[in-house]
file data.txt (compact mmCIF, C-alpha atoms)
# COMPACT_ATOMS: atom_id res chain seq x y z
CA MET A 1 132.63 184.80 -69.05
CA GLN A 2 134.20 181.70 -70.58
CA ALA A 3 135.49 180.84 -67.09
CA LEU A 4 131.90 180.14 -65.95
CA ILE A 5 131.62 176.96 -67.99
CA HIS A 6 134.88 175.69 -66.50
CA VAL A 7 133.72 176.55 -62.96
CA ALA A 8 130.40 174.76 -63.59
CA ASN A 9 132.11 171.65 -64.94
CA ALA A 10 134.62 171.65 -62.08
CA LEU A 11 131.65 171.66 -59.69
CA TYR A 12 130.03 168.80 -61.64
CA LEU A 13 133.33 166.95 -61.37
CA CYS A 14 133.34 167.47 -57.59
CA SER A 15 129.73 166.27 -57.40
CA TYR A 16 130.70 163.01 -59.15
CA LEU A 17 133.47 162.49 -56.60
CA VAL A 18 131.30 162.70 -53.48
CA LYS A 19 129.40 159.66 -52.24
CA ASP A 20 126.81 161.42 -50.12
CA ILE A 21 123.70 161.98 -52.24
CA PHE A 22 122.92 165.24 -50.38
CA TRP A 23 126.24 166.83 -51.32
CA LEU A 24 126.08 165.37 -54.81
CA ARG A 25 122.76 167.13 -55.39
CA ALA A 26 123.89 170.33 -53.65
CA LEU A 27 127.00 170.61 -55.84
CA THR A 28 124.92 169.82 -58.91
CA VAL A 29 122.53 172.65 -58.08
CA VAL A 30 125.39 175.13 -57.68
CA ALA A 31 127.00 173.88 -60.91
CA GLY A 32 123.65 174.19 -62.69
CA LEU A 33 123.20 177.79 -61.50
CA VAL A 34 126.69 178.71 -62.72
CA LEU A 35 125.93 177.05 -66.05
CA LEU A 36 122.64 178.95 -66.26
CA SER A 37 124.42 182.25 -65.90
CA PHE A 38 126.84 181.17 -68.64
CA TYR A 39 123.94 180.32 -71.00
CA ALA A 40 122.12 183.54 -70.13
CA ALA A 41 125.18 185.68 -70.69
CA GLN A 42 125.66 184.55 -74.28
CA PRO A 43 125.05 187.18 -76.99
CA ALA A 44 122.15 184.97 -78.10
CA PRO A 45 120.98 183.33 -74.82
CA LEU A 46 120.55 179.54 -75.10
CA PHE A 47 116.91 179.33 -74.03
CA ALA A 48 116.48 175.57 -74.61
CA ALA A 49 119.48 174.83 -72.39
CA ILE A 50 118.27 177.36 -69.81
CA VAL A 51 114.82 175.74 -69.60
CA TRP A 52 116.29 172.26 -69.16
CA ASN A 53 118.71 173.47 -66.49
CA VAL A 54 115.97 175.25 -64.58
CA LEU A 55 113.97 171.99 -64.59
CA PHE A 56 116.97 169.97 -63.35
CA THR A 57 117.61 172.54 -60.62
CA ILE A 58 113.99 172.49 -59.43
CA ILE A 59 114.05 168.68 -59.19
CA ASN A 60 117.35 168.69 -57.32
CA VAL A 61 116.24 171.42 -54.89
CA TYR A 62 113.03 169.50 -54.18
CA GLN A 63 115.01 166.30 -53.47
CA LEU A 64 117.45 168.28 -51.32
CA VAL A 65 114.61 169.58 -49.18
CA LEU A 66 113.29 166.01 -48.73
CA LEU A 67 116.76 164.76 -47.79
CA PHE A 68 117.22 167.63 -45.35
CA LEU A 69 113.88 166.92 -43.67
CA GLU A 70 114.70 163.20 -43.43
CA ARG A 71 118.07 163.89 -41.85
CA ARG A 72 116.90 166.21 -39.11
CA PRO A 73 117.54 164.77 -35.64
CA VAL A 74 114.60 163.02 -34.02
CA THR A 75 113.38 163.99 -30.58
CA LEU A 76 111.29 161.51 -28.64
CA GLY A 77 109.15 162.43 -25.64
CA GLU A 78 109.44 160.42 -22.45
CA ARG A 79 106.63 157.96 -23.17
CA GLU A 80 107.73 157.59 -26.79
CA GLN A 81 111.27 156.82 -25.58
CA ARG A 82 109.94 154.21 -23.18
CA LEU A 83 107.80 152.58 -25.86
CA TYR A 84 110.74 152.65 -28.28
CA ARG A 85 113.00 150.90 -25.78
CA LEU A 86 110.26 148.46 -24.87
CA VAL A 87 109.30 147.21 -28.32
CA PHE A 88 110.72 149.04 -31.30
CA ARG A 89 114.48 149.06 -30.77
CA SER A 90 115.03 147.35 -34.13
CA LEU A 91 113.63 150.46 -35.88
CA THR A 92 115.58 153.67 -36.25
CA PRO A 93 114.14 156.54 -34.15
CA ARG A 94 112.96 158.23 -37.36
CA GLU A 95 111.18 155.07 -38.53
CA PHE A 96 109.60 154.80 -35.10
CA VAL A 97 108.33 158.39 -35.28
CA LYS A 98 106.84 157.72 -38.74
CA LEU A 99 105.12 154.62 -37.44
CA LEU A 100 103.81 156.36 -34.35
CA ALA A 101 102.35 159.15 -36.49
CA VAL A 102 99.94 156.61 -38.02
CA GLY A 103 98.72 155.39 -34.62
CA ARG A 104 96.91 156.95 -31.67
CA TRP A 105 97.61 156.86 -27.94
CA GLN A 106 94.59 155.55 -26.07
CA GLU A 107 93.56 154.48 -22.57
CA ALA A 108 91.21 151.74 -21.43
CA PRO A 109 89.77 151.52 -17.91
CA ALA A 110 89.74 148.17 -16.12
CA ASN A 111 87.24 145.68 -17.58
CA GLU A 112 87.02 147.43 -20.97
CA ARG A 113 87.04 145.00 -23.85
CA LEU A 114 89.77 145.79 -26.37
CA VAL A 115 89.02 142.84 -28.61
CA GLU A 116 85.72 141.02 -28.97
CA ALA A 117 85.60 137.42 -30.14
CA GLY A 118 83.71 137.03 -33.41
CA THR A 119 83.83 140.72 -34.29
CA ALA A 120 86.25 141.76 -37.02
CA LEU A 121 89.12 143.69 -35.51
CA ASP A 122 89.95 146.93 -37.29
CA ARG A 123 92.99 147.91 -35.25
CA PHE A 124 96.38 146.72 -34.14
CA ILE A 125 97.47 147.48 -30.59
CA VAL A 126 100.64 147.59 -28.55
CA ILE A 127 100.30 147.84 -24.78
CA PHE A 128 102.33 150.63 -23.20
CA THR A 129 101.34 150.16 -19.55
CA GLY A 130 98.78 147.97 -17.83
CA LYS A 131 97.66 144.39 -18.19
CA THR A 132 95.04 142.61 -20.28
CA GLY A 133 93.60 139.12 -20.19
CA VAL A 134 92.95 136.91 -23.21
CA ARG A 135 89.73 135.01 -22.65
CA VAL A 136 88.09 132.21 -24.58
CA GLY A 137 84.60 132.05 -23.14
CA SER A 138 85.06 132.44 -19.41
CA LYS A 139 88.54 130.91 -19.36
CA GLU A 140 91.59 133.16 -19.30
CA ILE A 141 94.24 131.60 -21.53
CA ALA A 142 96.93 134.31 -21.33
CA GLN A 143 97.79 137.71 -19.94
CA LEU A 144 99.40 140.42 -22.01
CA GLY A 145 101.42 143.26 -20.53
CA ALA A 146 103.61 146.20 -21.47
CA GLY A 147 105.30 145.85 -24.83
CA GLN A 148 103.05 143.07 -26.11
CA PHE A 149 100.82 143.24 -29.15
CA VAL A 150 97.08 142.72 -29.29
CA GLY A 151 95.38 141.97 -32.58
CA GLU A 152 98.43 141.02 -34.60
CA MET A 153 97.15 137.51 -35.30
CA SER A 154 93.89 138.92 -36.60
CA PHE A 155 95.86 141.54 -38.55
CA LEU A 156 98.06 138.87 -40.16
CA THR A 157 95.45 136.23 -40.89
CA ASN A 158 92.58 138.60 -41.71
CA GLN A 159 90.39 136.46 -39.48
CA ALA A 160 88.00 137.67 -36.81
CA PRO A 161 89.36 137.11 -33.29
CA THR A 162 88.34 133.91 -31.53
CA ALA A 163 89.15 135.32 -28.08
CA ASP A 164 88.23 138.41 -26.07
CA VAL A 165 90.97 140.69 -24.79
CA VAL A 166 89.90 142.59 -21.67
CA ALA A 167 91.79 145.19 -19.65
CA ILE A 168 92.52 143.72 -16.21
CA GLU A 169 93.75 147.09 -14.97
CA PRO A 170 93.79 150.59 -16.50
CA THR A 171 95.74 150.13 -19.72
CA HIS A 172 97.56 152.69 -21.81
CA TYR A 173 98.18 151.62 -25.38
CA VAL A 174 98.84 152.73 -28.95
CA ALA A 175 96.36 151.61 -31.61
CA TRP A 176 96.88 151.66 -35.36
CA PRO A 177 93.85 151.44 -37.68
CA LYS A 178 94.41 148.23 -39.65
CA ARG A 179 93.90 149.82 -43.06
CA ASP A 180 96.20 152.76 -42.34
CA LEU A 181 98.91 150.47 -41.00
CA SER A 182 98.69 148.15 -44.02
CA HIS A 183 98.96 151.10 -46.40
CA PHE A 184 101.83 152.57 -44.40
CA LEU A 185 103.80 149.31 -44.46
CA GLU A 186 103.17 148.84 -48.19
CA THR A 187 104.67 152.24 -48.90
CA ASN A 188 107.64 151.82 -46.54
CA PRO A 189 109.39 148.57 -47.51
CA ALA A 190 112.33 148.97 -45.12
CA LEU A 191 110.01 149.67 -42.22
CA ARG A 192 107.82 146.74 -43.23
CA ALA A 193 110.75 144.36 -42.81
CA ALA A 194 111.62 145.85 -39.41
CA ILE A 195 108.01 145.61 -38.21
CA GLN A 196 107.84 142.00 -39.41
CA VAL A 197 110.77 141.20 -37.11
CA VAL A 198 109.06 142.88 -34.14
CA ILE A 199 105.72 141.14 -34.78
CA GLY A 200 107.43 137.79 -35.40
CA THR A 201 109.32 137.99 -32.10
CA ASP A 202 106.10 138.81 -30.21
CA LEU A 203 104.21 136.02 -31.98
CA VAL A 204 106.86 133.37 -31.33
CA GLY A 205 107.01 134.46 -27.67
CA LYS A 206 103.24 134.01 -27.33
CA LEU A 207 103.30 130.58 -28.96
CA ARG A 208 106.08 129.45 -26.63
CA THR A 209 104.19 130.61 -23.53
CA PRO A 210 102.09 127.73 -22.24
CA MET B 1 98.60 124.58 -57.63
CA ARG B 2 95.94 126.22 -55.54
CA ILE B 3 96.30 127.85 -52.17
CA GLY B 4 94.58 125.83 -49.45
CA GLU B 5 94.91 122.54 -51.32
CA PRO B 6 97.50 119.81 -50.77
CA ILE B 7 100.49 119.78 -53.10
CA PRO B 8 99.89 117.49 -56.10
CA ALA B 9 100.79 113.82 -55.57
CA VAL B 10 103.19 113.94 -58.50
CA LEU B 11 105.12 116.74 -56.82
CA ASP B 12 105.03 114.98 -53.46
CA ALA B 13 106.59 111.92 -55.06
CA ALA B 14 109.13 113.75 -57.23
CA VAL B 15 112.72 112.78 -56.45
CA VAL B 16 115.41 115.30 -55.56
CA ILE B 17 119.11 114.73 -54.95
CA ASP B 18 121.25 116.37 -52.26
CA ARG B 19 124.92 117.38 -52.47
CA ALA B 20 126.01 113.91 -51.32
CA GLY B 21 124.07 112.34 -54.17
CA GLU B 22 121.39 110.91 -51.86
CA SER B 23 117.88 110.75 -53.33
CA ALA B 24 114.64 111.45 -51.46
CA THR B 25 111.14 112.40 -52.41
CA PHE B 26 110.17 116.06 -52.26
CA GLY B 27 107.43 115.18 -49.75
CA THR B 28 109.93 113.92 -47.19
CA HIS B 29 111.75 117.25 -47.34
CA ILE B 30 108.70 119.41 -46.72
CA ARG B 31 106.54 117.42 -44.33
CA GLY B 32 106.45 117.95 -40.56
CA SER B 33 106.78 121.71 -40.37
CA PRO B 34 105.92 124.69 -42.56
CA CYS B 35 108.35 124.98 -45.43
CA LEU B 36 109.56 127.62 -47.86
CA VAL B 37 110.63 126.03 -51.12
CA SER B 38 112.46 128.18 -53.60
CA PHE B 39 112.79 126.62 -57.03
CA LEU B 40 115.90 128.07 -58.57
CA ARG B 41 117.00 127.95 -62.16
CA HIS B 42 120.53 126.67 -62.79
CA PHE B 43 123.07 127.16 -60.00
CA GLY B 44 124.92 129.98 -61.78
CA CYS B 45 121.78 132.10 -62.43
CA ILE B 46 122.07 135.82 -61.68
CA GLY B 47 118.34 136.18 -60.92
CA CYS B 48 118.54 133.37 -58.35
CA ALA B 49 121.66 134.91 -56.78
CA GLU B 50 119.76 138.16 -56.35
CA HIS B 51 116.75 136.30 -54.91
CA ILE B 52 118.95 134.48 -52.36
CA ALA B 53 120.75 137.70 -51.42
CA ASP B 54 117.29 139.11 -50.57
CA ILE B 55 116.18 136.07 -48.56
CA ALA B 56 119.44 135.02 -46.88
CA PRO B 57 119.51 137.79 -44.24
CA ARG B 58 116.03 136.72 -43.19
CA LEU B 59 116.54 132.96 -42.98
CA VAL B 60 117.09 133.12 -39.20
CA GLU B 61 113.81 135.04 -38.88
CA LEU B 62 112.02 132.38 -40.95
CA ASP B 63 113.68 129.68 -38.85
CA ASP B 64 112.43 131.37 -35.65
CA LEU B 65 108.92 131.40 -37.12
CA GLY B 66 109.20 127.63 -37.51
CA LEU B 67 109.82 127.44 -41.25
CA ARG B 68 112.27 125.16 -42.97
CA THR B 69 113.88 126.46 -46.13
CA LEU B 70 114.61 124.33 -49.15
CA PHE B 71 116.26 125.47 -52.37
CA VAL B 72 115.73 123.29 -55.42
CA GLY B 73 118.12 123.75 -58.33
CA ASN B 74 118.33 121.98 -61.65
CA GLY B 75 122.07 121.45 -62.11
CA GLU B 76 124.19 118.42 -61.31
CA PRO B 77 124.68 117.76 -57.54
CA ARG B 78 128.42 118.49 -57.96
CA TYR B 79 127.54 122.16 -58.43
CA ILE B 80 125.83 122.46 -55.02
CA ASP B 81 128.98 122.96 -52.92
CA GLY B 82 130.23 125.82 -55.07
CA PHE B 83 126.77 127.35 -55.09
CA LEU B 84 126.52 127.22 -51.27
CA GLU B 85 129.91 128.89 -51.01
CA ARG B 86 129.06 131.68 -53.47
CA VAL B 87 125.70 132.61 -51.98
CA GLY B 88 126.91 132.30 -48.37
CA LEU B 89 124.51 129.54 -47.34
CA ARG B 90 127.14 127.00 -46.24
CA ASP B 91 126.48 127.59 -42.53
CA SER B 92 122.73 128.17 -42.77
CA HIS B 93 119.96 125.70 -41.93
CA ALA B 94 118.65 125.95 -45.48
CA ARG B 95 118.94 122.79 -47.52
CA VAL B 96 119.81 122.68 -51.19
CA VAL B 97 118.75 119.83 -53.45
CA THR B 98 118.51 119.43 -57.18
CA ASP B 99 116.71 117.63 -59.97
CA PRO B 100 118.61 117.72 -63.25
CA THR B 101 115.79 115.77 -64.93
CA LEU B 102 113.51 118.83 -64.38
CA LYS B 103 110.62 116.53 -63.46
CA ILE B 104 110.03 118.32 -60.17
CA PHE B 105 109.80 121.67 -61.97
CA GLU B 106 107.17 120.24 -64.29
CA ALA B 107 105.33 118.72 -61.33
CA ALA B 108 105.38 122.10 -59.59
CA GLY B 109 103.86 123.72 -62.67
CA LEU B 110 106.95 125.76 -63.46
CA VAL B 111 107.77 126.62 -67.04
CA ARG B 112 110.67 126.48 -69.47
CA SER B 113 110.74 129.63 -71.53
CA ARG B 114 113.04 131.21 -74.10
CA TRP B 115 111.24 134.53 -73.74
CA GLY B 116 111.56 134.41 -69.94
CA THR B 117 115.27 133.70 -70.30
CA PHE B 118 116.30 135.97 -73.15
CA GLY B 119 113.37 138.39 -73.59
CA LEU B 120 113.11 142.05 -72.68
CA ARG B 121 111.92 141.31 -69.17
CA ALA B 122 114.86 138.97 -68.63
CA ILE B 123 117.27 141.65 -69.86
CA GLY B 124 115.76 144.02 -67.31
CA ASP B 125 116.13 141.36 -64.62
CA VAL B 126 119.83 140.91 -65.44
CA ALA B 127 120.41 144.68 -65.31
CA ARG B 128 118.65 144.89 -61.95
CA GLY B 129 120.64 141.91 -60.66
CA TRP B 130 123.92 143.57 -61.63
CA SER B 131 122.84 146.81 -60.01
CA HIS B 132 122.24 144.85 -56.78
CA GLY B 133 125.67 143.30 -56.93
CA ALA B 134 124.57 139.84 -58.07
CA ALA B 135 126.61 137.98 -60.68
CA SER B 136 126.19 135.11 -63.10
CA HIS B 137 128.47 132.10 -62.65
CA GLY B 138 128.16 130.20 -65.87
CA MET B 139 125.57 127.69 -66.94
CA GLU B 140 125.24 125.15 -64.13
CA GLY B 141 122.05 123.41 -65.22
CA ASP B 142 119.20 123.99 -67.67
CA ALA B 143 119.24 127.55 -68.98
CA LEU B 144 115.59 127.74 -70.03
CA GLN B 145 113.96 126.39 -66.88
CA LEU B 146 112.36 129.13 -64.81
CA GLY B 147 111.88 128.99 -61.06
CA GLY B 148 109.20 129.82 -58.53
CA VAL B 149 108.37 129.78 -54.86
CA LEU B 150 106.11 127.45 -52.89
CA MET B 151 105.21 127.70 -49.22
CA THR B 152 103.45 124.88 -47.43
CA ASP B 153 102.15 124.27 -43.94
CA ALA B 154 103.19 121.26 -41.86
CA ALA B 155 100.65 119.04 -43.61
CA GLY B 156 101.87 119.93 -47.07
CA THR B 157 99.01 122.29 -47.90
CA VAL B 158 99.85 125.13 -50.26
CA ALA B 159 99.99 128.48 -48.46
CA TYR B 160 101.74 130.46 -51.19
CA TYR B 161 102.66 129.78 -54.80
CA HIS B 162 104.54 131.92 -57.28
CA ARG B 163 105.49 130.84 -60.81
CA SER B 164 108.29 132.95 -62.27
CA LYS B 165 107.64 134.53 -65.65
CA SER B 166 111.27 135.46 -66.22
CA LEU B 167 114.67 134.66 -64.77
CA GLY B 168 114.52 137.38 -62.12
CA ASP B 169 110.83 137.21 -61.31
CA HIS B 170 110.86 136.36 -57.60
CA PRO B 171 108.70 137.52 -54.70
CA SER B 172 110.34 139.81 -52.16
CA ALA B 173 111.63 138.42 -48.87
CA SER B 174 109.07 140.59 -47.05
CA ASP B 175 106.20 139.00 -48.99
CA LEU B 176 107.47 135.56 -47.98
CA VAL B 177 107.93 136.59 -44.33
CA ASP B 178 104.32 137.84 -44.35
CA VAL B 179 103.14 134.34 -45.33
CA ALA B 180 105.45 132.82 -42.70
CA LEU B 181 103.89 135.10 -40.07
CA VAL B 182 100.41 133.99 -41.12
CA LEU B 183 101.43 130.32 -40.89
CA CYS B 184 102.91 131.00 -37.47
CA ALA B 185 99.81 132.87 -36.25
CA ARG B 186 97.60 129.96 -37.32
CA ARG B 187 99.45 127.72 -34.89
CA SER B 188 97.97 129.70 -32.00
CA SER B 189 95.07 128.10 -30.14
CA ALA B 190 93.16 131.41 -30.33
CA ILE B 191 93.23 134.37 -32.70
CA TYR B 192 93.41 137.76 -31.03
call {"tool": "encode", "arguments": {"input": "data.txt", "output": "structure tokens"}}
result
Amino acid sequence: MQALIHVANALYLCSYLVKDIFWLRALTVVAGLVLLSFYAAQPAPLFAAIVWNVLFTIINVYQLVLLFLERRPVTLGEREQRLYRLVFRSLTPREFVKLLAVGRWQEAPANERLVEAGTALDRFIVIFTGKTGVRVGSKEIAQLGAGQFVGEMSFLTNQAPTADVVAIEPTHYVAWPKRDLSHFLETNPALRAAIQVVIGTDLVGKLRTP
Amino acid sequence: MRIGEPIPAVLDAAVVIDRAGESATFGTHIRGSPCLVSFLRHFGCIGCAEHIADIAPRLVELDDLGLRTLFVGNGEPRYIDGFLERVGLRDSHARVVTDPTLKIFEAAGLVRSRWGTFGLRAIGDVARGWSHGAASHGMEGDALQLGGVLMTDAAGTVAYYHRSKSLGDHPSASDLVDVALVLCARRSSAIY
């Protein structure tokens, strides 16, 4: 029975030697279970130590499950793959899937207005296929196509749009509700930085286009 | 300083010195394009090293968005070269100037604080800095002066202002990039 405490501590020692947090936690769980059996097998079981070890094990198992879920391979469908290659290559596929889960795929027929000047915009759009025109009054000042954002200036500045954006041809796009996207980015700092790069690149490109 | 208002005249006219010992007013450094100004403490400060380690990888991004970056320290100009080497900014577009008289810090509304330098919050800042791999490099300037961050548009109007409460109290790089994106978006002829 005395051997159990040595086995447990040898496992703890191994856990301190590994760098991967998944294996560190896994070894700790096994070590904790061995230690539990040692405490339970005492002539007078050490209940305080047992309770604490059960708590540690529950926390570690929970974190292990989260790590496992995060590390599963990501599978992208064909349109998701195309959108990923088109715009979001600076994100990891898993980050991209998380981001996409907050948005919705939508379609607009030709002549549908995606953005209306003077009306607060509550969504952020990326065009997947199709073409839209940016119009100030009756004058078209720019055209936006696949891979370009619509509504990011309004999203960033919190100002109502000063231009209409109208589908010139049937347009397939992904739209994120502004509030959901803001909340999502606040709670995912790494993704926030990656999205800032993507938005910044799009914005600078638009400003450089005459 | 208030967001949406011009920087105070006293700050505009405050004199800073570059690594070559050349003097210029703060206004000449920030006018003409949007600018991110990071007021550091002394050049060996661990909190500032951590802050720069956060910002440095994103300086190119800020540059692409049309922002200039200026770091203002409070040590002697002879410390600037060593500082640039340590924080890896020697080849960046960011400029580093200093004002050992601390007048610019006062003009920018930044504080000198014993509590912010040696208090509990500061101890926490140092621990966090160490955990992020930052290090202190001796006292290269005024120990008690705290820093801050100012962002201005091309006309010198305040777009963002942060006054540090302790030696490691700095905004995140992502918060600053957000303001840079807003400044960039406002340059567009139409919002959409």
call {"tool": "interface_residues", "arguments": {"input": "data.txt", "of": "chain A", "to": "chain B", "cutoff": "6 Å", "atoms": "all atoms listed in the file", "output": "number ranges by chain"}}
result
A: 151, 153-154, 156-157, 161-163, 193
call {"tool": "atom_distance", "arguments": {"input": "data.txt", "atom1": "atom CA of A:Leu91", "atom2": "atom CA of A:Arg192"}}
result
10.1 Å
call {"tool": "atom_distance", "arguments": {"input": "data.txt", "atom1": "atom CA of A:Thr28", "atom2": "atom CA of A:Glu70"}}
result
19.7 Å
call {"tool": "closest_residue", "arguments": {"input": "data.txt", "among": "A:Leu17, A:Leu24, A:Ala190, A:Met1", "to": "A:Tyr39", "atoms": "only C-alpha atoms"}}
result
A:Met1
call {"tool": "closest_residue", "arguments": {"input": "data.txt", "among": "A:Ala10, A:Leu144, A:Val165, A:Ala175", "to": "A:Leu35", "atoms": "all atoms listed in the file"}}
result
A:Ala10
call {"tool": "residues_around", "arguments": {"input": "data.txt", "residues": "B:Gly138", "least_positions_apart": "6", "cutoff": "10 Å", "atoms": "all atoms listed in the file", "output": "number ranges by chain"}}
result
B: 42-46
call {"tool": "closest_residue", "arguments": {"input": "data.txt", "among": "B:Tyr160, B:Val60, B:Glu5, B:Thr152", "to": "A:Gly200", "atoms": "only C-alpha atoms"}}
result
B:Val60
call {"tool": "residues_around", "arguments": {"input": "data.txt", "residues": "B:Cys35", "least_positions_apart": "4", "cutoff": "8 Å", "atoms": "all atoms listed in the file", "output": "JSON, numbers by chain"}}
result
{"B": [30, 31, 67, 68, 69, 70, 151, 152, 153, 154]}
call {"tool": "closest_residue", "arguments": {"input": "data.txt", "among": "A:Leu86, A:Val174, A:Ala160, A:Ile50", "to": "A:Ile127", "atoms": "all atoms listed in the file"}}
result
A:Val174
call {"tool": "atom_distance", "arguments": {"input": "data.txt", "atom1": "atom CA of B:Glu140", "atom2": "atom CA of B:Glu76"}}
result
7.4 Å
call {"tool": "residues_near_point", "arguments": {"input": "data.txt", "point": "(90.2, 139.1, -24.0)", "cutoff": "10 Å", "atoms": "only C-alpha atoms", "output": "ChimeraX atom specification"}}
result
/A:111-117,132-144,150,161-168 /B:192
call {"tool": "residues_around", "arguments": {"input": "data.txt", "residues": "A:Cys14", "least_positions_apart": "5", "cutoff": "10 Å", "atoms": "all atoms listed in the file", "output": "PyMOL selection string"}}
result
chain A and resi 8-9+23-24+27-28+31
call {"tool": "residues_around", "arguments": {"input": "data.txt", "residues": "B:Leu150", "least_positions_apart": "3", "cutoff": "10 Å", "atoms": "all atoms listed in the file", "output": "ChimeraX atom specification"}}
result
/B:1,3,7,35-39,70,108,158-163,176
call {"tool": "residues_near_point", "arguments": {"input": "data.txt", "point": "(107.3, 144.9, -29.4)", "cutoff": "6 Å", "atoms": "all atoms listed in the file", "output": "list in words"}}
result
Val87, Phe88, Gly147, Gln148 and Val198 of chain A
call {"tool": "write_last_selection", "arguments": {"input": "data.txt", "atoms": "C-alpha atoms", "output": "short mmCIF file (atom, residue, chain, number, x, y, z; two decimals), in the coordinates of the input"}}
result
data_model
loop_
_atom_site.label_atom_id
_atom_site.label_comp_id
_atom_site.auth_asym_id
_atom_site.auth_seq_id
_atom_site.Cartn_x
_atom_site.Cartn_y
_atom_site.Cartn_z
CA VAL A 87 109.30 147.21 -28.32
CA PHE A 88 110.72 149.04 -31.30
CA GLY A 147 105.30 145.85 -24.83
CA GLN A 148 103.05 143.07 -26.11
CA VAL A 198 109.06 142.88 -34.14
#
